[in-house]
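Novice: Take this structure, written in structure tokens, and hold onto it; I'll ask about it next.
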Amino acid sequence: MGDMQDKPVGQAGASPRRRFLREVAGVAGGACLLSLGVGLYAKQASALPAVALRPPGALAEDDFLAACVRCGLCVRDCPYDTLKLAALGEAVPTGTPYFNARQIPCEMCEDIPCVAACPTGALDRSLTDIGKARMGLAVLIDHETCLNFLGLRCDVCYRVCPVIDKAITLERQHNPRSDRHAMLLPTVHSDYCTGCGKCEKSCVLPGEAAIKVLPVKLAQGSKAEHYRKGWEEKEAAGQSLIGEQIELPARGLEDKAYGDTRVLPGQGPVPATPARPGSGLDSGWKP
Ligand code: SF4
Ligand code: SF4
Ligand code: SF4
């Protein structure tokens, strides 16, 4: 009797069967919480942050995560310390290689030692020309702070690009602020940009770069395959698919060439005179 009184409340009268069920429920609850935690962590860890770029030749993210055995050999063989292995608690899946272009970009080694070192093919061995790597895609992300967009001559991102004049060009545009000078706007071309990140690293802005390399999925929209582009169709067919167009004069622009609808202030079609009240039916339609 004295023994029974010493037992914690709630356990004194429990039968062995009931105690067993309670213990099983406790273990199962703990396991559920653990797996929920692991699941949440795995979900968070598989979302690659925008600034984290995979090494050259990396398979598509899901395939890469399945193939990469987290051995770190690509990191070891990178001569520029570009690559690092994600540590526990980082937003990048733990143990996988990545780089941050603003810190250390990829130097586009001709022999691609990181790919050669990968034992599983998570970095695709068929990549033998570093110019064909697509680690990400550079985007001139901030037109308000880029010095060239302000009409100054900086061009640093353009000049450091290993694929200069192909991956990035300077496009001349009128400067509406000064009305006298040209702006030379850095413009990236996805056919050639390898995503090496040298432009982002070199951007002269003190904190964030105006040009950033993002994973291609974030940087680029899908192609509008459902649109037929007239100029491509014309080139493929060797002639216009709609034949000769009928040239109809535009009222008030008879003195202009066909299709030229530019008008100066004070020129152009005479606005229709509004119907006087009571002078007939006015449907509201205006030519
Ligand atoms: S190509 Fe060279 S610099 Fe770039 S990640 Fe691979 S080993 Fe490093
Ligand atoms: S990431 Fe920048 S530097 Fe590298 S290829 Fe593309 S535009 Fe050139
Ligand atoms: S280096 Fe930076 S500021 Fe200079 S032109 Fe390029 S993006 Fe603009």
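Identifiers in the structure tokens: chain A, B, ... in order shown; residue index from 1 per chain; ligand index from 1 in order shown.
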Excluding Leu218 (chain A) and any residue of its chain fewer than 3 positions from it, enumerate the residues within 9 Å of it, using only C-alpha atoms, and give them as a list in words.
Specialist: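 Once the adjacent positions are removed, what remains is Ala50, Gly136, Leu137, Leu214, Pro215 and Gly221 of chain A.
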Novice: Give me a file of those residues, with N, CA, C and O atoms, as a PDB file, in the first residue's frame.
Specialist:
```pdb
ATOM      1  N   ALA A  50      18.430  32.469 -54.071  1.00  0.00           N
ATOM      2  CA  ALA A  50      18.722  33.070 -55.382  1.00  0.00           C
ATOM      3  C   ALA A  50      20.200  33.375 -55.570  1.00  0.00           C
ATOM      4  O   ALA A  50      20.698  33.362 -56.689  1.00  0.00           O
ATOM      5  N   GLY A 136      24.140  30.140 -64.266  1.00  0.00           N
ATOM      6  CA  GLY A 136      23.084  31.102 -63.959  1.00  0.00           C
ATOM      7  C   GLY A 136      22.997  32.042 -65.138  1.00  0.00           C
ATOM      8  O   GLY A 136      23.564  31.785 -66.192  1.00  0.00           O
ATOM      9  N   LEU A 137      22.292  33.131 -64.936  1.00  0.00           N
ATOM     10  CA  LEU A 137      22.153  34.123 -66.008  1.00  0.00           C
ATOM     11  C   LEU A 137      22.241  35.515 -65.383  1.00  0.00           C
ATOM     12  O   LEU A 137      21.529  35.805 -64.411  1.00  0.00           O
ATOM     13  N   LEU A 214      21.610  35.199 -61.427  1.00  0.00           N
ATOM     14  CA  LEU A 214      20.570  34.427 -60.754  1.00  0.00           C
ATOM     15  C   LEU A 214      20.467  33.048 -61.405  1.00  0.00           C
ATOM     16  O   LEU A 214      20.839  32.887 -62.578  1.00  0.00           O
ATOM     17  N   PRO A 215      19.942  32.063 -60.653  1.00  0.00           N
ATOM     18  CA  PRO A 215      19.663  30.786 -61.305  1.00  0.00           C
ATOM     19  C   PRO A 215      18.760  31.026 -62.519  1.00  0.00           C
ATOM     20  O   PRO A 215      17.857  31.878 -62.455  1.00  0.00           O
ATOM     21  N   GLY A 221      12.180  34.018 -68.285  1.00  0.00           N
ATOM     22  CA  GLY A 221      10.803  33.540 -68.456  1.00  0.00           C
ATOM     23  C   GLY A 221      10.753  32.395 -69.458  1.00  0.00           C
ATOM     24  O   GLY A 221      11.726  32.124 -70.157  1.00  0.00           O
TER      25      GLY A 221
END
```
Novice: Give as a ChimeraX atom specification the residues surrounding ligand 2 up to a distance of 8 Å, considering only C-alpha atoms and all ligand atoms.
Specialist: /A:136-138,157-158,160-164,167-168,188-190,192-200,212-213
Novice: Based on the backbone DSSP call, show me all residues of region 84-114 of chain A assigned strand (DSSP E), as a PyMOL selection string.
Specialist: chain A and resi 84-85+97-100
Novice: What does the distance from CA of His174 (chain A) to CA of Asn148 (chain A) come to in Å, to one decimal?
Specialist: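 So the answer is 12.1 Å.
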Novice: Return as an NGL selection string the residues of protein, DNA or RNA that approach ligand 1 to within 8 Å, with only C-alpha atoms and all ligand atoms taken into account.
Specialist: :A and (55-56 or 74-75 or 77-83 or 99 or 105-115 or 130 or 196)
Novice: Please report, as a Markdown table, each residue of chain A lying at most 12 Å from ligand 3, together with the nearest pair of atoms and the separation in Å rounded to one decimal; use only C-alpha atoms and all ligand atoms, and order rows by chain and ascending residue number.
Specialist:
```
| residue | atom | partner | partner_atom_place_in_ligand_line | distance |
| --- | --- | --- | --- | --- |
| A:Arg102 | CA | ligand 3 | 2 (Fe) | 11.7 |
| A:Ala138 | CA | ligand 3 | 7 (S) | 10.2 |
| A:Val139 | CA | ligand 3 | 7 (S) | 9.2 |
| A:Leu140 | CA | ligand 3 | 7 (S) | 6.3 |
| A:Ile141 | CA | ligand 3 | 7 (S) | 8.3 |
| A:Asp142 | CA | ligand 3 | 7 (S) | 7.9 |
| A:His143 | CA | ligand 3 | 8 (Fe) | 8.1 |
| A:Glu144 | CA | ligand 3 | 8 (Fe) | 9.5 |
| A:Thr145 | CA | ligand 3 | 3 (S) | 6.8 |
| A:Cys146 | CA | ligand 3 | 8 (Fe) | 3.6 |
| A:Leu147 | CA | ligand 3 | 3 (S) | 4.2 |
| A:Asn148 | CA | ligand 3 | 5 (S) | 4.7 |
| A:Phe149 | CA | ligand 3 | 8 (Fe) | 6.9 |
| A:Leu150 | CA | ligand 3 | 8 (Fe) | 8.7 |
| A:Gly151 | CA | ligand 3 | 5 (S) | 9.7 |
| A:Leu152 | CA | ligand 3 | 5 (S) | 8.4 |
| A:Arg153 | CA | ligand 3 | 5 (S) | 7.2 |
| A:Cys154 | CA | ligand 3 | 4 (Fe) | 4.5 |
| A:Asp155 | CA | ligand 3 | 5 (S) | 4.2 |
| A:Val156 | CA | ligand 3 | 1 (S) | 4.3 |
| A:Cys157 | CA | ligand 3 | 6 (Fe) | 4.2 |
| A:Tyr158 | CA | ligand 3 | 6 (Fe) | 6.4 |
| A:Arg159 | CA | ligand 3 | 1 (S) | 8.8 |
| A:Val160 | CA | ligand 3 | 1 (S) | 9.1 |
| A:Cys161 | CA | ligand 3 | 6 (Fe) | 10.4 |
| A:Ile168 | CA | ligand 3 | 6 (Fe) | 10.2 |
| A:Thr169 | CA | ligand 3 | 5 (S) | 10.8 |
| A:Leu170 | CA | ligand 3 | 5 (S) | 9.1 |
| A:Glu171 | CA | ligand 3 | 5 (S) | 11.5 |
| A:Met183 | CA | ligand 3 | 5 (S) | 10.4 |
| A:Leu184 | CA | ligand 3 | 5 (S) | 8.4 |
| A:Leu185 | CA | ligand 3 | 5 (S) | 7.4 |
| A:Pro186 | CA | ligand 3 | 5 (S) | 6.3 |
| A:Thr187 | CA | ligand 3 | 6 (Fe) | 9.6 |
| A:Val188 | CA | ligand 3 | 7 (S) | 10.8 |
| A:Gly197 | CA | ligand 3 | 1 (S) | 11.8 |
| A:Lys198 | CA | ligand 3 | 1 (S) | 10.1 |
| A:Cys199 | CA | ligand 3 | 1 (S) | 6.8 |
| A:Glu200 | CA | ligand 3 | 2 (Fe) | 7.4 |
| A:Lys201 | CA | ligand 3 | 1 (S) | 8.8 |
| A:Ser202 | CA | ligand 3 | 1 (S) | 6.1 |
| A:Cys203 | CA | ligand 3 | 1 (S) | 3.5 |
| A:Val204 | CA | ligand 3 | 1 (S) | 5.1 |
| A:Leu205 | CA | ligand 3 | 3 (S) | 5.8 |
| A:Pro206 | CA | ligand 3 | 2 (Fe) | 9.6 |
| A:Gly207 | CA | ligand 3 | 2 (Fe) | 10.6 |
| A:Glu208 | CA | ligand 3 | 2 (Fe) | 9.3 |
| A:Ala209 | CA | ligand 3 | 2 (Fe) | 6.0 |
| A:Ala210 | CA | ligand 3 | 7 (S) | 4.6 |
| A:Ile211 | CA | ligand 3 | 7 (S) | 4.7 |
| A:Lys212 | CA | ligand 3 | 7 (S) | 8.3 |
| A:Val213 | CA | ligand 3 | 7 (S) | 11.3 |
```
Novice: So which residues of region 67-169 of chain A fall under helix (DSSP H, G or I) by DSSP, listed as an NGL selection string?
Specialist: :A and (67 or 73-77 or 113-117 or 130-132 or 156-160)
Novice: Which value, in Å to one decimal, gives the distance between CA of Lys166 (chain A) and CA of Lys234 (chain A)?
Specialist: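 Computing it gives 26.1 Å between the two atoms.
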Novice: In Å, how far is it from CA of Leu127 (chain A) to CA of Gly57 (chain A)?
Specialist: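 We find that CA of Leu127 (chain A) and CA of Gly57 (chain A) lie 5.9 Å from each other.
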